[in-house]
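Printed here is input_24.pdb (PDB, C-alpha atoms):
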```
ATOM      1  CA  MET A   1    -192.067 -65.422 -30.499
ATOM      2  CA  THR A   2    -193.017 -67.232 -27.337
ATOM      3  CA  LYS A   3    -191.575 -65.334 -24.383
ATOM      4  CA  ARG A   4    -189.946 -67.103 -21.484
ATOM      5  CA  VAL A   5    -190.038 -66.601 -17.727
ATOM      6  CA  VAL A   6    -187.743 -68.784 -15.654
ATOM      7  CA  LEU A   7    -187.415 -69.714 -12.020
ATOM      8  CA  ILE A   8    -183.735 -69.829 -11.051
ATOM      9  CA  GLY A   9    -182.803 -71.817  -7.959
ATOM     10  CA  HIS A  10    -180.840 -74.813  -6.694
ATOM     11  CA  PRO A  11    -182.374 -77.264  -6.305
ATOM     12  CA  VAL A  12    -185.540 -76.741  -8.304
ATOM     13  CA  ALA A  13    -188.337 -79.260  -7.846
ATOM     14  CA  HIS A  14    -192.081 -79.124  -8.508
ATOM     15  CA  SER A  15    -193.239 -75.550  -8.229
ATOM     16  CA  LEU A  16    -196.444 -74.083  -6.899
ATOM     17  CA  SER A  17    -195.425 -70.857  -8.605
ATOM     18  CA  GLY A  18    -195.238 -72.593 -11.983
ATOM     19  CA  ALA A  19    -198.806 -73.841 -11.683
ATOM     20  CA  MET A  20    -200.052 -70.326 -10.899
ATOM     21  CA  GLN A  21    -198.049 -68.395 -13.445
ATOM     22  CA  GLN A  22    -198.556 -70.651 -16.453
ATOM     23  CA  ALA A  23    -202.314 -70.690 -15.870
ATOM     24  CA  ALA A  24    -202.309 -66.890 -15.667
ATOM     25  CA  PHE A  25    -200.343 -66.518 -18.918
ATOM     26  CA  ASP A  26    -202.689 -68.922 -20.694
ATOM     27  CA  ALA A  27    -205.878 -67.315 -19.364
ATOM     28  CA  LEU A  28    -204.857 -63.850 -20.571
ATOM     29  CA  GLY A  29    -203.642 -65.098 -23.942
ATOM     30  CA  ILE A  30    -200.031 -64.206 -23.213
ATOM     31  CA  ASP A  31    -197.675 -66.300 -25.322
ATOM     32  CA  ALA A  32    -195.223 -67.176 -22.571
ATOM     33  CA  THR A  33    -193.864 -70.222 -20.780
ATOM     34  CA  TYR A  34    -192.779 -70.580 -17.147
ATOM     35  CA  GLU A  35    -189.699 -72.791 -16.825
ATOM     36  CA  LEU A  36    -187.653 -74.183 -13.945
ATOM     37  CA  TRP A  37    -183.887 -73.677 -14.093
ATOM     38  CA  ASP A  38    -181.756 -75.580 -11.618
ATOM     39  CA  ARG A  39    -178.544 -73.558 -11.469
ATOM     40  CA  PRO A  40    -175.885 -73.996  -8.783
ATOM     41  CA  PRO A  41    -174.154 -70.852  -7.524
ATOM     42  CA  LEU A  42    -171.232 -71.184  -9.944
ATOM     43  CA  GLU A  43    -173.666 -70.999 -12.885
ATOM     44  CA  LEU A  44    -175.774 -68.122 -11.543
ATOM     45  CA  ALA A  45    -173.959 -65.293 -13.345
ATOM     46  CA  ASP A  46    -174.314 -67.029 -16.712
ATOM     47  CA  ALA A  47    -178.007 -67.699 -16.081
ATOM     48  CA  ILE A  48    -178.651 -64.039 -15.262
ATOM     49  CA  ALA A  49    -176.706 -62.897 -18.323
ATOM     50  CA  GLU A  50    -178.899 -65.098 -20.544
ATOM     51  CA  LEU A  51    -181.966 -63.182 -19.354
ATOM     52  CA  ARG A  52    -180.730 -60.121 -21.265
ATOM     53  CA  THR A  53    -181.676 -61.696 -24.593
ATOM     54  CA  ASP A  54    -184.964 -60.751 -26.251
ATOM     55  CA  GLU A  55    -186.778 -64.021 -25.626
ATOM     56  CA  PHE A  56    -187.093 -63.456 -21.867
ATOM     57  CA  LEU A  57    -189.771 -61.450 -20.042
ATOM     58  CA  GLY A  58    -187.991 -61.925 -16.742
ATOM     59  CA  ALA A  59    -187.458 -64.383 -13.939
ATOM     60  CA  ASN A  60    -188.163 -65.500 -10.436
ATOM     61  CA  VAL A  61    -185.239 -66.182  -8.114
ATOM     62  CA  THR A  62    -185.267 -68.591  -5.193
ATOM     63  CA  ILE A  63    -182.878 -70.281  -2.800
ATOM     64  CA  PRO A  64    -179.969 -70.060  -2.592
ATOM     65  CA  HIS A  65    -179.711 -67.084  -4.939
ATOM     66  CA  LYS A  66    -181.975 -64.297  -3.613
ATOM     67  CA  GLU A  67    -179.092 -62.385  -2.102
ATOM     68  CA  ARG A  68    -176.382 -63.565  -4.509
ATOM     69  CA  VAL A  69    -178.272 -62.128  -7.468
ATOM     70  CA  VAL A  70    -178.309 -58.560  -6.106
ATOM     71  CA  PRO A  71    -174.964 -57.463  -7.649
ATOM     72  CA  LEU A  72    -175.821 -59.153 -10.966
ATOM     73  CA  VAL A  73    -178.759 -56.892 -11.894
ATOM     74  CA  ASP A  74    -178.545 -53.304 -13.120
ATOM     75  CA  ARG A  75    -181.052 -51.655 -10.802
ATOM     76  CA  LEU A  76    -182.873 -52.489  -7.579
ATOM     77  CA  THR A  77    -186.314 -51.296  -6.548
ATOM     78  CA  GLU A  78    -186.779 -49.807  -3.098
ATOM     79  CA  GLU A  79    -187.906 -53.108  -1.548
ATOM     80  CA  ALA A  80    -185.065 -55.084  -3.125
ATOM     81  CA  HIS A  81    -182.472 -52.530  -2.051
ATOM     82  CA  ALA A  82    -183.861 -52.292   1.472
ATOM     83  CA  THR A  83    -184.056 -56.052   2.007
ATOM     84  CA  GLY A  84    -180.875 -56.940   0.135
ATOM     85  CA  ALA A  85    -182.776 -59.732  -1.605
ATOM     86  CA  VAL A  86    -184.330 -60.183  -5.062
ATOM     87  CA  ASN A  87    -187.042 -62.688  -5.943
ATOM     88  CA  THR A  88    -188.294 -61.216  -9.246
ATOM     89  CA  ILE A  89    -186.418 -59.798 -12.229
ATOM     90  CA  THR A  90    -187.921 -57.662 -14.988
ATOM     91  CA  LYS A  91    -186.413 -56.152 -18.138
ATOM     92  CA  GLU A  92    -185.817 -52.586 -19.310
ATOM     93  CA  GLY A  93    -184.428 -53.342 -22.763
ATOM     94  CA  LYS A  94    -181.358 -55.388 -21.947
ATOM     95  CA  ARG A  95    -181.121 -53.967 -18.441
ATOM     96  CA  LEU A  96    -182.287 -56.115 -15.545
ATOM     97  CA  VAL A  97    -184.294 -54.753 -12.629
ATOM     98  CA  GLY A  98    -184.422 -56.607  -9.305
ATOM     99  CA  HIS A  99    -187.638 -56.551  -7.274
ATOM    100  CA  ASN A 100    -188.732 -58.089  -3.983
ATOM    101  CA  THR A 101    -192.419 -58.975  -4.283
ATOM    102  CA  ASP A 102    -192.260 -60.941  -1.021
ATOM    103  CA  VAL A 103    -192.651 -57.610   0.793
ATOM    104  CA  PRO A 104    -196.083 -56.668  -0.632
ATOM    105  CA  GLY A 105    -197.084 -60.342  -0.446
ATOM    106  CA  PHE A 106    -196.278 -60.413   3.277
ATOM    107  CA  LYS A 107    -198.161 -57.177   3.900
ATOM    108  CA  VAL A 108    -201.331 -58.595   2.322
ATOM    109  CA  ALA A 109    -200.969 -61.740   4.430
ATOM    110  CA  LEU A 110    -200.472 -59.710   7.608
ATOM    111  CA  ASP A 111    -203.494 -57.508   6.850
ATOM    112  CA  ARG A 112    -205.654 -60.598   6.297
ATOM    113  CA  LEU A 113    -204.443 -62.143   9.554
ATOM    114  CA  VAL A 114    -205.096 -59.012  11.594
ATOM    115  CA  GLY A 115    -208.500 -58.499  10.003
ATOM    116  CA  LYS A 116    -210.580 -55.697  11.454
ATOM    117  CA  GLN A 117    -208.446 -55.330  14.557
ATOM    118  CA  LYS A 118    -206.048 -52.444  14.958
ATOM    119  CA  MET A 119    -202.631 -53.344  13.503
ATOM    120  CA  PRO A 120    -200.366 -54.479  16.367
ATOM    121  CA  ARG A 121    -196.982 -52.881  16.965
ATOM    122  CA  LEU A 122    -195.000 -55.741  18.561
ATOM    123  CA  ALA A 123    -193.762 -58.858  16.749
ATOM    124  CA  VAL A 124    -191.478 -61.873  17.095
ATOM    125  CA  VAL A 125    -189.876 -63.270  13.929
ATOM    126  CA  LEU A 126    -188.245 -66.708  13.703
ATOM    127  CA  GLY A 127    -185.530 -66.935  11.038
ATOM    128  CA  ALA A 128    -182.931 -64.657   9.501
ATOM    129  CA  GLY A 129    -182.815 -65.396   5.778
ATOM    130  CA  GLY A 130    -184.478 -64.006   2.668
ATOM    131  CA  GLY A 131    -188.014 -64.623   3.906
ATOM    132  CA  ALA A 132    -187.240 -62.979   7.236
ATOM    133  CA  ARG A 133    -185.752 -59.976   5.432
ATOM    134  CA  ALA A 134    -189.049 -59.372   3.625
ATOM    135  CA  VAL A 135    -191.012 -59.863   6.844
ATOM    136  CA  VAL A 136    -188.851 -57.499   8.889
ATOM    137  CA  TYR A 137    -188.923 -54.791   6.228
ATOM    138  CA  GLY A 138    -192.703 -55.163   6.002
ATOM    139  CA  LEU A 139    -193.016 -54.745   9.779
ATOM    140  CA  ILE A 140    -190.679 -51.744   9.781
ATOM    141  CA  THR A 141    -192.620 -49.960   7.052
ATOM    142  CA  ASP A 142    -195.967 -50.860   8.651
ATOM    143  CA  GLY A 143    -194.952 -48.890  11.737
ATOM    144  CA  PHE A 144    -194.143 -51.658  14.207
ATOM    145  CA  GLN A 145    -192.387 -50.352  17.310
ATOM    146  CA  ARG A 146    -190.588 -53.488  18.522
ATOM    147  CA  VAL A 147    -189.513 -56.556  16.553
ATOM    148  CA  VAL A 148    -187.434 -59.356  18.090
ATOM    149  CA  LEU A 149    -185.585 -61.857  15.876
ATOM    150  CA  PHE A 150    -184.657 -65.389  16.844
ATOM    151  CA  ASN A 151    -182.407 -67.570  14.733
ATOM    152  CA  ARG A 152    -180.603 -70.780  15.653
ATOM    153  CA  HIS A 153    -177.345 -69.081  14.641
ATOM    154  CA  LEU A 154    -177.511 -65.794  16.519
ATOM    155  CA  HIS A 155    -174.885 -64.088  14.353
ATOM    156  CA  ARG A 156    -177.195 -64.262  11.333
ATOM    157  CA  ALA A 157    -180.004 -62.544  13.217
ATOM    158  CA  GLU A 158    -177.533 -59.939  14.441
ATOM    159  CA  GLY A 159    -176.407 -59.400  10.851
ATOM    160  CA  LEU A 160    -179.999 -58.802   9.791
ATOM    161  CA  VAL A 161    -180.435 -56.243  12.586
ATOM    162  CA  ARG A 162    -177.312 -54.430  11.371
ATOM    163  CA  HIS A 163    -178.592 -54.542   7.780
ATOM    164  CA  PHE A 164    -181.771 -52.704   8.776
ATOM    165  CA  GLY A 165    -179.997 -50.285  11.116
ATOM    166  CA  LYS A 166    -180.969 -47.073   9.331
ATOM    167  CA  SER A 167    -184.480 -48.015   8.227
ATOM    168  CA  ALA A 168    -185.246 -49.294  11.742
ATOM    169  CA  ALA A 169    -183.795 -46.287  13.540
ATOM    170  CA  HIS A 170    -187.262 -45.214  14.728
ATOM    171  CA  MET A 171    -187.984 -48.522  16.466
ATOM    172  CA  GLU A 172    -186.477 -51.324  18.541
ATOM    173  CA  LEU A 173    -185.169 -54.172  16.385
ATOM    174  CA  ARG A 174    -183.293 -56.819  18.384
ATOM    175  CA  ALA A 175    -181.724 -60.232  17.884
ATOM    176  CA  MET A 176    -181.919 -62.640  20.798
ATOM    177  CA  PRO A 177    -180.512 -66.129  21.458
ATOM    178  CA  TRP A 178    -182.678 -69.110  20.538
ATOM    179  CA  HIS A 179    -183.459 -70.323  24.065
ATOM    180  CA  GLU A 180    -186.944 -71.498  24.965
ATOM    181  CA  SER A 181    -187.089 -69.381  28.113
ATOM    182  CA  VAL A 182    -186.168 -66.241  26.156
ATOM    183  CA  ILE A 183    -188.654 -67.014  23.370
ATOM    184  CA  GLU A 184    -191.405 -67.679  25.912
ATOM    185  CA  ALA A 185    -190.746 -64.375  27.655
ATOM    186  CA  GLU A 186    -190.869 -62.441  24.385
ATOM    187  CA  LEU A 187    -194.028 -64.175  23.166
ATOM    188  CA  ALA A 188    -195.748 -63.122  26.382
ATOM    189  CA  LYS A 189    -195.120 -59.476  25.426
ATOM    190  CA  THR A 190    -195.985 -59.608  21.731
ATOM    191  CA  ARG A 191    -199.073 -59.825  19.497
ATOM    192  CA  VAL A 192    -197.636 -61.208  16.237
ATOM    193  CA  LEU A 193    -195.482 -64.300  15.682
ATOM    194  CA  VAL A 194    -194.070 -64.995  12.205
ATOM    195  CA  ASN A 195    -192.268 -68.226  11.382
ATOM    196  CA  ALA A 196    -189.894 -67.319   8.549
ATOM    197  CA  THR A 197    -187.979 -70.598   8.755
ATOM    198  CA  SER A 198    -188.702 -73.741   6.751
ATOM    199  CA  ILE A 199    -189.137 -75.820   9.897
ATOM    200  CA  GLY A 200    -192.439 -77.609   9.372
ATOM    201  CA  LEU A 201    -192.277 -77.746   5.592
ATOM    202  CA  HIS A 202    -191.814 -81.501   5.891
ATOM    203  CA  GLY A 203    -192.710 -83.869   8.678
ATOM    204  CA  ASP A 204    -194.113 -82.722  11.988
ATOM    205  CA  GLU A 205    -191.299 -80.548  13.295
ATOM    206  CA  THR A 206    -192.078 -77.237  14.916
ATOM    207  CA  PRO A 207    -189.718 -74.357  15.660
ATOM    208  CA  ILE A 208    -191.072 -73.918  19.195
ATOM    209  CA  PRO A 209    -192.960 -76.208  21.580
ATOM    210  CA  GLY A 210    -196.709 -75.626  21.786
ATOM    211  CA  GLU A 211    -196.574 -74.933  25.531
ATOM    212  CA  LEU A 212    -194.614 -71.736  24.855
ATOM    213  CA  ILE A 213    -197.445 -70.227  22.782
ATOM    214  CA  PRO A 214    -199.727 -67.888  24.728
ATOM    215  CA  PRO A 215    -203.399 -67.445  23.758
ATOM    216  CA  GLU A 216    -204.615 -64.710  21.422
ATOM    217  CA  LEU A 217    -201.433 -64.398  19.386
ATOM    218  CA  LEU A 218    -201.656 -63.720  15.658
ATOM    219  CA  VAL A 219    -199.489 -66.460  14.130
ATOM    220  CA  LEU A 220    -198.328 -66.472  10.492
ATOM    221  CA  ASP A 221    -196.248 -69.383   9.213
ATOM    222  CA  LEU A 222    -194.634 -68.736   5.827
ATOM    223  CA  VAL A 223    -194.672 -72.482   5.167
ATOM    224  CA  TYR A 224    -197.529 -73.345   2.795
ATOM    225  CA  ARG A 225    -199.241 -76.011   4.867
ATOM    226  CA  GLN A 226    -201.045 -76.502   8.162
ATOM    227  CA  THR A 227    -197.905 -77.014  10.227
ATOM    228  CA  ARG A 228    -197.613 -78.324  13.733
ATOM    229  CA  LEU A 229    -196.836 -74.758  14.827
ATOM    230  CA  LEU A 230    -200.202 -73.603  13.475
ATOM    231  CA  ARG A 231    -202.048 -76.556  14.990
ATOM    232  CA  ASP A 232    -200.478 -75.876  18.383
ATOM    233  CA  ALA A 233    -201.306 -72.189  18.086
ATOM    234  CA  LEU A 234    -204.935 -72.930  17.249
ATOM    235  CA  GLU A 235    -205.156 -75.205  20.270
ATOM    236  CA  ALA A 236    -203.752 -72.385  22.404
ATOM    237  CA  GLY A 237    -206.511 -70.024  21.208
ATOM    238  CA  CYS A 238    -204.558 -68.068  18.607
ATOM    239  CA  THR A 239    -205.557 -66.741  15.169
ATOM    240  CA  VAL A 240    -203.423 -68.397  12.496
ATOM    241  CA  ALA A 241    -202.589 -68.337   8.784
ATOM    242  CA  ASP A 242    -200.174 -70.260   6.577
ATOM    243  CA  GLY A 243    -198.032 -68.928   3.725
ATOM    244  CA  GLU A 244    -200.545 -69.291   0.893
ATOM    245  CA  THR A 245    -201.729 -65.671   0.878
ATOM    246  CA  MET A 246    -198.172 -64.352   0.788
ATOM    247  CA  LEU A 247    -197.214 -66.779  -1.978
ATOM    248  CA  LEU A 248    -200.281 -65.905  -4.036
ATOM    249  CA  HIS A 249    -199.885 -62.151  -3.796
ATOM    250  CA  GLN A 250    -196.139 -62.043  -4.342
ATOM    251  CA  GLY A 251    -196.771 -64.137  -7.454
ATOM    252  CA  ALA A 252    -199.539 -61.830  -8.609
ATOM    253  CA  SER A 253    -197.237 -58.828  -8.179
ATOM    254  CA  ALA A 254    -194.544 -60.573 -10.237
ATOM    255  CA  PHE A 255    -197.034 -61.402 -13.002
ATOM    256  CA  THR A 256    -198.076 -57.757 -13.291
ATOM    257  CA  LEU A 257    -194.455 -56.617 -13.366
ATOM    258  CA  TRP A 258    -193.681 -58.974 -16.280
ATOM    259  CA  THR A 259    -196.834 -58.370 -18.310
ATOM    260  CA  GLY A 260    -198.177 -54.950 -17.350
ATOM    261  CA  GLN A 261    -201.581 -56.580 -16.821
ATOM    262  CA  PRO A 262    -203.575 -57.186 -13.645
ATOM    263  CA  ALA A 263    -203.070 -60.736 -12.427
ATOM    264  CA  PRO A 264    -206.071 -63.110 -12.601
ATOM    265  CA  ILE A 265    -205.852 -63.607  -8.864
ATOM    266  CA  GLU A 266    -208.844 -65.913  -8.455
ATOM    267  CA  LEU A 267    -207.556 -68.261 -11.140
ATOM    268  CA  MET A 268    -204.070 -68.219  -9.626
ATOM    269  CA  GLN A 269    -205.524 -69.045  -6.225
ATOM    270  CA  GLU A 270    -207.512 -71.906  -7.733
ATOM    271  CA  LYS A 271    -204.416 -73.359  -9.433
ATOM    272  CA  LEU A 272    -202.418 -72.934  -6.255
ATOM    273  CA  ALA A 273    -205.070 -74.859  -4.317
ATOM    274  CA  GLU A 274    -205.084 -77.613  -6.957
ATOM    275  CA  ALA A 275    -201.304 -77.957  -6.788
ATOM    276  CA  ARG A 276    -201.401 -78.153  -3.011
ATOM    277  CA  ALA A 277    -204.195 -80.722  -3.120
ATOM    278  CA  GLY A 278    -202.021 -82.754  -5.477
ATOM    279  CA  GLY A 279    -199.331 -82.957  -2.838
ATOM    280  CA  ILE A 280    -196.961 -80.208  -3.944
ATOM    281  CA  GLU A 281    -195.764 -78.419  -0.807
ATOM    282  CA  SER A 282    -193.048 -76.190  -2.161
ATOM    283  CA  ALA A 283    -192.929 -72.819  -3.751
ATOM    284  CA  GLU A 284    -190.334 -71.951  -6.293
ATOM    285  CA  GLY A 285    -188.208 -74.995  -6.181
ATOM    286  CA  GLU A 286    -187.909 -76.058  -2.569
ATOM    287  CA  PRO A 287    -187.263 -79.777  -2.276
ATOM    288  CA  THR A 288    -190.516 -81.691  -1.934
ATOM    289  CA  GLY A 289    -189.171 -84.960  -0.607
ATOM    290  CA  ALA A 290    -185.952 -84.634   1.326
ATOM    291  CA  ALA A 291    -185.857 -83.709   4.974
ATOM    292  CA  MET A 292    -185.098 -80.067   5.534
ATOM    293  CA  PRO A 293    -182.120 -78.766   7.460
ATOM    294  CA  VAL A 294    -183.191 -76.831  10.501
ATOM    295  CA  GLU A 295    -181.700 -73.410  10.028
ATOM    296  CA  PRO A 296    -183.601 -71.580   7.383
ATOM    297  CA  THR A 297    -185.125 -68.533   6.060
ATOM    298  CA  GLY A 298    -188.487 -67.852   4.684
ATOM    299  CA  SER A 299    -190.254 -70.903   3.757
ATOM    300  CA  GLU A 300    -187.171 -71.999   1.967
ATOM    301  CA  PRO A 301    -184.443 -74.364   2.831
ATOM    302  CA  PRO A 302    -181.475 -72.747   4.371
ATOM    303  CA  ALA A 303    -178.687 -72.915   1.902
ATOM    304  CA  GLN A 304    -178.319 -69.153   1.552
ATOM    305  CA  PRO A 305    -180.886 -67.128   3.451
ATOM    306  CA  THR A 306    -184.954 -67.409   1.852
ATOM    307  CA  ALA A 307    -189.601 -67.975   2.361
ATOM    308  CA  ALA A 308    -191.439 -67.139   0.242
ATOM    309  CA  GLY A 309    -192.125 -66.728  -2.765
ATOM    310  CA  SER A 310    -191.682 -67.634  -6.236
ATOM    311  CA  GLY A 311    -190.354 -65.180  -6.160
ATOM    312  CA  GLY A 312    -192.355 -66.525  -1.975
ATOM    313  CA  ALA A 313    -193.007 -67.028  -1.164
ATOM    314  CA  ALA A 314    -191.474 -66.737  -3.953
ATOM    315  CA  ASP A 315    -188.564 -67.134  -0.133
TER     316      ASP A 315
END
```

Transcribe the structure of this file into structure tokens.
Amino acid sequence: MTKRVVLIGHPVAHSLSGAMQQAAFDALGIDATYELWDRPPLELADAIAELRTDEFLGANVTIPHKERVVPLVDRLTEEAHATGAVNTITKEGKRLVGHNTDVPGFKVALDRLVGKQKMPRLAVVLGAGGGARAVVYGLITDGFQRVVLFNRHLHRAEGLVRHFGKSAAHMELRAMPWHESVIEAELAKTRVLVNATSIGLHGDETPIPGELIPPELLVLDLVYRQTRLLRDALEAGCTVADGETMLLHQGASAFTLWTGQPAPIELMQEKLAEARAGGIESAEGEPTGAAMPVEPTGSEPPAQPTAAGSGGAAD
């Protein structure tokens, strides 16, 4: 029987994750299909219940469901519990296990960005949704000493700080108001800037003006394109990376969880590049045409907090 893996989100459009995962199934001779399920919040519980039948290997979860799905699964892994967000579901018989593969995906992306330098200990994160949750937990567990969060609605950033209260007890984790003067002052003190909003996914918007960006920052944008933020950062003399590495590696982690086999990472990267070259800019179901609202999370539209990853980026 052909097994099924589904991406559950609302809305669901063209998917970079689908291109990667289907190619990986086919290359390894795994009889499985990767499908897109557009399910509004009122239909989420029924969609999750359907996964308990034998035909499903599991699922990816994207906006606006990454946090809503938490109480609907039977068990959470450490990363999913710590972040309060699920982007990948696997099966144990009829039991459902929630994972957050955005966390390991982000850590790979951060390691690649830092390169051979010593890992910094200070970071600024823009956003307060599902993508930001994975980023902040990754920074906490990588030993960062000070992380400052900015979100256009301060109460959401403050809520994220409260969520990580215990796991961040050894460090300074703060939410600050989204004012350019405050952001500029914090960027002058930090080494890493992560954009975990979807600002820049479409058009030429940027979360912060280029003149606020100091030289020699390490800048990671969870959006899967060369955004204006990254162009401005390059011009300022920074080292930059977009969300592709995080998307690729969170997807590879999900593939291994579903199949028990190592992911064909080079093939998945090739298919991801082909999909991007074909004009697809979204991961797991983000709208590819409509303008994005400006208050997001991960590289996902805001609705309920996201970035990345199909499971990114699958935020």

Considering all atoms listed in the file, return as a short mmCIF file (atom, residue, chain, number, x, y, z; two decimals) with C-alpha atoms, in the coordinates of the input whatever protein or nucleic-acid residues lie within 6 Å of Asn87 in chain A, sequence-local ones (same chain, fewer than 5 positions apart) excluded.
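What follows is the written file result.cif:
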```
data_model
loop_
_atom_site.label_atom_id
_atom_site.label_comp_id
_atom_site.auth_asym_id
_atom_site.auth_seq_id
_atom_site.Cartn_x
_atom_site.Cartn_y
_atom_site.Cartn_z
CA ASN A 60 -188.16 -65.50 -10.44
CA VAL A 61 -185.24 -66.18 -8.11
CA LYS A 66 -181.98 -64.30 -3.61
CA ASN A 100 -188.73 -58.09 -3.98
CA GLY A 311 -190.35 -65.18 -6.16
#
```

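Closest to Phe255 in chain A among A:Val161, A:Val97, A:Leu57, A:Ile183 is A:Leu57, based on only C-alpha atoms.
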
Residues selected by the PyMOL selection byres ((chain A and resi 270) around 12), written as a PyMOL selection string:
chain A and resi 16+19-21+23-24+244+248+264-269+271-277

Once the PyMOL selection byres ((chain A and resi 63) around 6) has been applied to the shown file, what residues remain in the selection, as a PyMOL selection string?
chain A and resi 9+62+64-65+306

Can you tell me, as number ranges by chain, what residues are no more than 6 Å from range 188-194 of chain A when counting only C-alpha atoms, ignoring any on the same chain fewer than 3 positions away?
A: 122-125, 185, 217-221

Counting all atoms listed in the file, the residue of A:Leu42, A:Asp54, A:Lys116, A:Lys107 that sits nearest Met1 in chain A
A:Asp54

Residues within 10 Å of Gln226 in chain A, please, as number ranges by chain. Count only C-alpha atoms; anything in the same chain fewer than 6 positions from it doesn't count.
A: 200-201, 240-243

What is the CA of Phe164 in chain A to CA of Val86 in chain A distance in Å?
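CA of Val86 in chain A lies 15.9 Å from CA of Phe164 in chain A.
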
Could you state the separation of CA of Thr83 in chain A and CA of Ser167 in chain A in Å, given to one decimal place?
10.2 Å

Please write the residues picked by the PyMOL selection byres ((chain A and resi 177) around 10) on this file as a PyMOL selection string.
chain A and resi 149-155+157-158+175-176+178-183

To one decimal place in Å, what is the distance between CA of Leu72 in chain A and CA of Ile89 in chain A?
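So the two atoms, CA of Leu72 in chain A and CA of Ile89 in chain A, lie 10.7 Å apart.
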
Write out as a PyMOL selection string the residues lying within 9 Å of Pro214 in chain A, counting only C-alpha atoms and excluding same-chain residues fewer than 6 positions away.
chain A and resi 184+187-188+233+236-238

I want to know what sits within 10 Å of Thr90 in chain A, based on only C-alpha atoms, with residues of the same chain fewer than 4 positions away left out; could you give that as a list of chain:residue names?
A:Val5, A:Leu51, A:Arg52, A:Phe56, A:Leu57, A:Gly58, A:Ala59, A:Asn60, A:Val73, A:Lys94, A:Arg95, A:Leu96, A:Val97, A:Gly98, A:His99, A:Ala254, A:Leu257, A:Trp258, A:Thr259

Could the residues in this selection be written to a file with C-alpha atoms, as a CSV table (one decimal), keeping the file's coordinate frame?
```
chain,number,residue,atom,x,y,z
A,5,VAL,CA,-190.0,-66.6,-17.7
A,51,LEU,CA,-182.0,-63.2,-19.4
A,52,ARG,CA,-180.7,-60.1,-21.3
A,56,PHE,CA,-187.1,-63.5,-21.9
A,57,LEU,CA,-189.8,-61.4,-20.0
A,58,GLY,CA,-188.0,-61.9,-16.7
A,59,ALA,CA,-187.5,-64.4,-13.9
A,60,ASN,CA,-188.2,-65.5,-10.4
A,73,VAL,CA,-178.8,-56.9,-11.9
A,94,LYS,CA,-181.4,-55.4,-21.9
A,95,ARG,CA,-181.1,-54.0,-18.4
A,96,LEU,CA,-182.3,-56.1,-15.5
A,97,VAL,CA,-184.3,-54.8,-12.6
A,98,GLY,CA,-184.4,-56.6,-9.3
A,99,HIS,CA,-187.6,-56.6,-7.3
A,254,ALA,CA,-194.5,-60.6,-10.2
A,257,LEU,CA,-194.5,-56.6,-13.4
A,258,TRP,CA,-193.7,-59.0,-16.3
A,259,THR,CA,-196.8,-58.4,-18.3
```

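With distances restricted to all atoms listed in the file, A:Pro120 is the closest residue to Gly143 in chain A from A:Gly130, A:Gly165, A:Pro120, A:Gly203.
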